[in-house]
file input-v4.pdb (PDB, C-alpha atoms)
ATOM      1  CA  MET E  30     -14.007  -8.479  22.002
ATOM      2  CA  HIS E  31     -14.424 -10.357  18.761
ATOM      3  CA  VAL E  32     -16.705 -13.379  18.882
ATOM      4  CA  MET E  33     -15.923 -15.823  16.094
ATOM      5  CA  ASN E  34     -18.815 -16.976  13.940
ATOM      6  CA  SER E  35     -19.950 -20.442  14.989
ATOM      7  CA  HIS E  36     -19.890 -21.858  11.456
ATOM      8  CA  LEU E  37     -16.274 -20.790  10.899
ATOM      9  CA  GLY E  38     -13.592 -22.651  12.766
ATOM     10  CA  PRO E  39     -10.210 -21.131  13.619
ATOM     11  CA  HIS E  40      -8.590 -23.117  10.780
ATOM     12  CA  SER E  41     -11.144 -22.480   8.043
ATOM     13  CA  ASP E  42     -10.147 -21.542   4.499
ATOM     14  CA  GLU E  43     -11.220 -17.968   5.186
ATOM     15  CA  HIS E  44      -8.845 -17.703   8.135
ATOM     16  CA  GLU E  45      -6.018 -19.144   6.047
ATOM     17  CA  HIS E  46      -6.706 -16.559   3.299
ATOM     18  CA  LEU E  47      -6.690 -13.782   5.882
ATOM     19  CA  LYS E  48      -3.466 -15.049   7.438
ATOM     20  CA  ASP E  49      -1.779 -15.056   4.025
ATOM     21  CA  GLY E  50      -3.258 -11.658   3.162
ATOM     22  CA  ALA E  51      -2.105 -10.190   6.466
ATOM     23  CA  LEU E  52       1.435 -11.407   5.866
ATOM     24  CA  LEU E  53       1.418  -9.958   2.339
ATOM     25  CA  LEU E  54       0.125  -6.614   3.608
ATOM     26  CA  MET E  55       2.764  -6.384   6.325
ATOM     27  CA  VAL E  56       5.584  -7.250   3.900
ATOM     28  CA  LEU E  57       4.199  -4.748   1.384
ATOM     29  CA  GLY E  58       4.019  -2.076   4.094
ATOM     30  CA  VAL E  59       7.631  -2.673   5.080
ATOM     31  CA  PHE E  60       8.609  -2.495   1.396
ATOM     32  CA  HIS E  61       6.836   0.875   0.970
ATOM     33  CA  LEU E  62       8.338   2.183   4.198
ATOM     34  CA  LEU E  63      11.910   1.158   3.368
ATOM     35  CA  PHE E  64      11.709   2.330  -0.254
ATOM     36  CA  SER E  65      10.405   5.712   0.825
ATOM     37  CA  ILE E  66      12.907   6.257   3.645
ATOM     38  CA  ILE E  67      15.916   5.125   1.597
ATOM     39  CA  SER E  68      14.820   7.265  -1.359
ATOM     40  CA  MET E  69      14.327  10.329   0.869
ATOM     41  CA  LEU E  70      17.799   9.846   2.361
ATOM     42  CA  VAL E  71      19.358   9.572  -1.106
ATOM     43  CA  ILE E  72      17.560  12.728  -2.232
ATOM     44  CA  LEU E  73      18.596  14.634   0.884
ATOM     45  CA  ILE E  74      22.220  13.606   0.383
ATOM     46  CA  SER E  75      22.169  14.564  -3.309
ATOM     47  CA  PRO E  76      19.341  16.996  -4.154
ATOM     48  CA  THR E  77      20.384  17.181  -7.818
ATOM     49  CA  ILE E  78      19.353  13.627  -8.636
ATOM     50  CA  ALA E  79      17.954  13.678 -12.150
ATOM     51  CA  LEU E  80      14.857  11.734 -13.049
ATOM     52  CA  PHE E  81      14.086  11.214 -16.723
ATOM     53  CA  GLY E  82      17.050  13.129 -18.103
ATOM     54  CA  GLU E  83      17.391  16.851 -17.451
ATOM     55  CA  SER E  84      14.239  17.074 -15.340
ATOM     56  CA  SER E  85      15.464  16.967 -11.741
ATOM     57  CA  ILE E  86      13.170  15.879  -8.948
ATOM     58  CA  PHE E  87      12.994  19.440  -7.571
ATOM     59  CA  ALA E  88      12.371  21.028 -10.977
ATOM     60  CA  PHE E  89       8.961  19.470 -11.545
ATOM     61  CA  LEU E  90       7.210  22.754 -10.701
ATOM     62  CA  ASN E  91       8.890  24.464 -13.645
ATOM     63  CA  VAL E  92       6.599  22.956 -16.264
ATOM     64  CA  SER E  93       7.079  23.834 -19.903
ATOM     65  CA  GLY E  94       5.114  22.426 -22.825
ATOM     66  CA  PHE E  95       7.970  20.156 -23.862
ATOM     67  CA  TYR E  96       8.522  18.562 -20.460
ATOM     68  CA  VAL E  97       4.911  18.039 -19.342
ATOM     69  CA  VAL E  98       5.127  14.240 -19.414
ATOM     70  CA  GLN E  99       8.450  14.215 -17.590
ATOM     71  CA  ALA E 100       7.078  16.676 -15.032
ATOM     72  CA  LEU E 101       3.986  14.533 -14.405
ATOM     73  CA  LEU E 102       6.154  11.441 -13.993
ATOM     74  CA  SER E 103       8.446  13.333 -11.640
ATOM     75  CA  VAL E 104       5.480  14.423  -9.514
ATOM     76  CA  TYR E 105       4.234  10.821  -9.387
ATOM     77  CA  VAL E 106       7.643   9.487  -8.337
ATOM     78  CA  ALA E 107       8.076  12.282  -5.790
ATOM     79  CA  ALA E 108       4.645  11.505  -4.292
ATOM     80  CA  GLN E 109       5.549   7.832  -4.006
ATOM     81  CA  VAL E 110       8.880   8.668  -2.403
ATOM     82  CA  PHE E 111       7.662  11.318   0.040
ATOM     83  CA  LEU E 112       4.268   9.776   0.901
ATOM     84  CA  GLY E 113       5.275   6.118   0.673
ATOM     85  CA  TRP E 114       6.178   5.954   4.361
ATOM     86  CA  VAL E 115       2.606   6.969   5.279
ATOM     87  CA  VAL E 116       1.142   4.316   2.990
ATOM     88  CA  GLY E 117       3.658   1.838   4.380
ATOM     89  CA  LEU E 118       2.615   2.444   7.975
ATOM     90  CA  LEU E 119      -1.086   2.265   7.047
ATOM     91  CA  THR E 120      -0.476  -0.979   5.139
ATOM     92  CA  ILE E 121       1.336  -2.554   8.091
ATOM     93  CA  GLN E 122      -1.573  -1.597  10.349
ATOM     94  CA  ALA E 123      -4.046  -3.021   7.803
ATOM     95  CA  GLY E 124      -2.072  -6.275   7.852
ATOM     96  CA  ARG E 125      -2.294  -6.399  11.636
ATOM     97  CA  ASP E 126      -6.047  -5.691  11.487
ATOM     98  CA  CYS E 127      -6.472  -8.364   8.829
ATOM     99  CA  GLN E 128      -4.606 -10.839  11.022
ATOM    100  CA  ARG E 129      -6.863 -10.019  13.990
ATOM    101  CA  THR E 130      -9.998  -9.994  11.754
ATOM    102  CA  HIS E 131     -10.723  -6.450  12.852
ATOM    103  CA  SER E 132     -11.851  -3.374  10.878
ATOM    104  CA  TRP E 133     -12.745  -4.729   7.440
ATOM    105  CA  HIS E 134     -13.502  -1.202   6.167
ATOM    106  CA  PHE E 135     -10.068   0.123   7.134
ATOM    107  CA  VAL E 136      -8.305  -2.844   5.522
ATOM    108  CA  PHE E 137     -10.397  -2.425   2.371
ATOM    109  CA  ARG E 138      -9.624   1.321   2.100
ATOM    110  CA  VAL E 139      -5.889   0.786   2.598
ATOM    111  CA  ILE E 140      -5.899  -1.892  -0.092
ATOM    112  CA  VAL E 141      -7.567   0.526  -2.514
ATOM    113  CA  LEU E 142      -4.997   3.190  -1.524
ATOM    114  CA  ASN E 143      -2.233   0.723  -2.399
ATOM    115  CA  TRP E 144      -3.474   0.596  -5.969
ATOM    116  CA  CYS E 145      -1.755   3.994  -6.409
ATOM    117  CA  MET E 146       1.584   2.520  -5.337
ATOM    118  CA  PHE E 147       2.425   1.026  -8.728
ATOM    119  CA  PRO E 148       3.600  -1.680  -9.506
ATOM    120  CA  VAL E 149       3.857  -3.831  -6.364
ATOM    121  CA  GLY E 150       1.073  -2.163  -4.376
ATOM    122  CA  THR E 151      -1.256  -2.430  -7.351
ATOM    123  CA  MET E 152      -0.712  -6.154  -7.843
ATOM    124  CA  VAL E 153      -0.801  -7.175  -4.186
ATOM    125  CA  GLY E 154      -3.694  -4.805  -3.504
ATOM    126  CA  PHE E 155      -5.750  -6.264  -6.334
ATOM    127  CA  PHE E 156      -5.276  -9.864  -5.223
ATOM    128  CA  ILE E 157      -6.121  -9.138  -1.597
ATOM    129  CA  TRP E 158      -9.051  -6.902  -2.646
ATOM    130  CA  ARG E 159     -10.468  -9.752  -4.700
ATOM    131  CA  ASP E 160     -10.428 -12.107  -1.695
ATOM    132  CA  LEU E 161     -11.551  -9.462   0.788
ATOM    133  CA  ARG E 162     -14.779  -8.876  -1.149
ATOM    134  CA  ARG E 163     -15.875 -12.503  -0.765
ATOM    135  CA  LYS E 164     -18.835 -12.997   1.566
ATOM    136  CA  GLY E 165     -17.090 -15.730   3.572
ATOM    137  CA  ILE E 166     -14.112 -13.454   4.248
ATOM    138  CA  ARG E 167     -16.332 -10.511   5.209
ATOM    139  CA  ASP E 168     -18.216 -12.699   7.664
ATOM    140  CA  VAL E 169     -14.990 -13.450   9.551
ATOM    141  CA  PHE E 170     -14.405  -9.769  10.371
ATOM    142  CA  ASP E 171     -16.079  -8.343  13.436
ATOM    143  CA  ASP E 172     -17.342  -5.145  11.779
ATOM    144  CA  ALA E 173     -18.169  -6.130   8.188
TER     145      ALA E 173
END

call {"tool": "encode", "arguments": {"input": "input-v4.pdb", "output": "structure tokens"}}
result
Amino acid sequence: MHVMNSHLGPHSDEHEHLKDGALLLMVLGVFHLLFSIISMLVILISPTIALFGESSIFAFLNVSGFYVVQALLSVYVAAQVFLGWVVGLLTIQAGRDCQRTHSWHFVFRVIVLNWCMFPVGTMVGFFIWRDLRRKGIRDVFDDA
């Protein structure tokens, strides 16, 4: 059971930052989850969806010298689409842990993982990362 630090009340600025951060993480996780699931359904319904012109999402393994940039972008988009649901679930769990001031290390790692989920995950992850590194915030967590 988590014992709250005596110098931090339940309505301290640190707790308010964590409450806001937890809400942001949960909303971001739902966003990743929905984007990934909807995108996978669209791709399954129409597997010939073209990304970046003639380079289809399933043709990224056929890399020629001319289409290297398009192939790399296609791989990045495919990774975000097909792995986004995993990052979404992890981000929702990190938001719940942040709300309960539990597992600072897990929350921190998930935030860093969200940096790869450009653009929204990068921005939200950076702002929460910046606050999470503060000593006062770390002291609120039970395992920091």

call {"tool": "resolve_selection", "arguments": {"input": "input-v4.pdb", "expression": "the PyMOL selection byres ((chain E and resi 108-111) around 7)", "output": "PDB file with C-alpha atoms, keeping the file's coordinate frame"}}
result
ATOM      1  CA  SER E  65      10.405   5.712   0.825  1.00  0.00           C
ATOM      2  CA  SER E  68      14.820   7.265  -1.359  1.00  0.00           C
ATOM      3  CA  MET E  69      14.327  10.329   0.869  1.00  0.00           C
ATOM      4  CA  VAL E 104       5.480  14.423  -9.514  1.00  0.00           C
ATOM      5  CA  TYR E 105       4.234  10.821  -9.387  1.00  0.00           C
ATOM      6  CA  VAL E 106       7.643   9.487  -8.337  1.00  0.00           C
ATOM      7  CA  ALA E 107       8.076  12.282  -5.790  1.00  0.00           C
ATOM      8  CA  LEU E 112       4.268   9.776   0.901  1.00  0.00           C
ATOM      9  CA  GLY E 113       5.275   6.118   0.673  1.00  0.00           C
ATOM     10  CA  MET E 146       1.584   2.520  -5.337  1.00  0.00           C
TER      11      MET E 146
END

call {"tool": "resolve_selection", "arguments": {"input": "input-v4.pdb", "expression": "the PyMOL selection byres ((chain E and resi 43-50) around 9)", "output": "NGL selection string"}}
result
:E and (37-42 or 51-55 or 124 or 127-130 or 153 or 156-157 or 160-161 or 165-166 or 169)

call {"tool": "residues_near_point", "arguments": {"input": "input-v4.pdb", "point": "(9.3, 0.2, 5.2)", "cutoff": "10 Å", "atoms": "only C-alpha atoms", "output": "ChimeraX atom specification"}}
result
/E:55-67,113-118,120-121

call {"tool": "atom_distance", "arguments": {"input": "input-v4.pdb", "atom1": "CA of Asp168 in chain E", "atom2": "CA of Phe147 in chain E"}}
result
29.7 Å

call {"tool": "atom_distance", "arguments": {"input": "input-v4.pdb", "atom1": "CA of Asp171 in chain E", "atom2": "CA of Val136 in chain E"}}
result
12.4 Å

call {"tool": "atom_distance", "arguments": {"input": "input-v4.pdb", "atom1": "CA of Phe170 in chain E", "atom2": "CA of Asp126 in chain E"}}
result
9.4 Å

call {"tool": "closest_residue", "arguments": {"input": "input-v4.pdb", "among": "E:Lys164, E:Val71, E:Gly154, E:Ser103", "to": "Leu142 in chain E", "atoms": "all atoms listed in the file"}}
result
E:Gly154

call {"tool": "closest_residue", "arguments": {"input": "input-v4.pdb", "among": "E:Ile72, E:Leu119, E:Arg162, E:Gly150", "to": "Phe135 in chain E", "atoms": "only C-alpha atoms"}}
result
E:Leu119
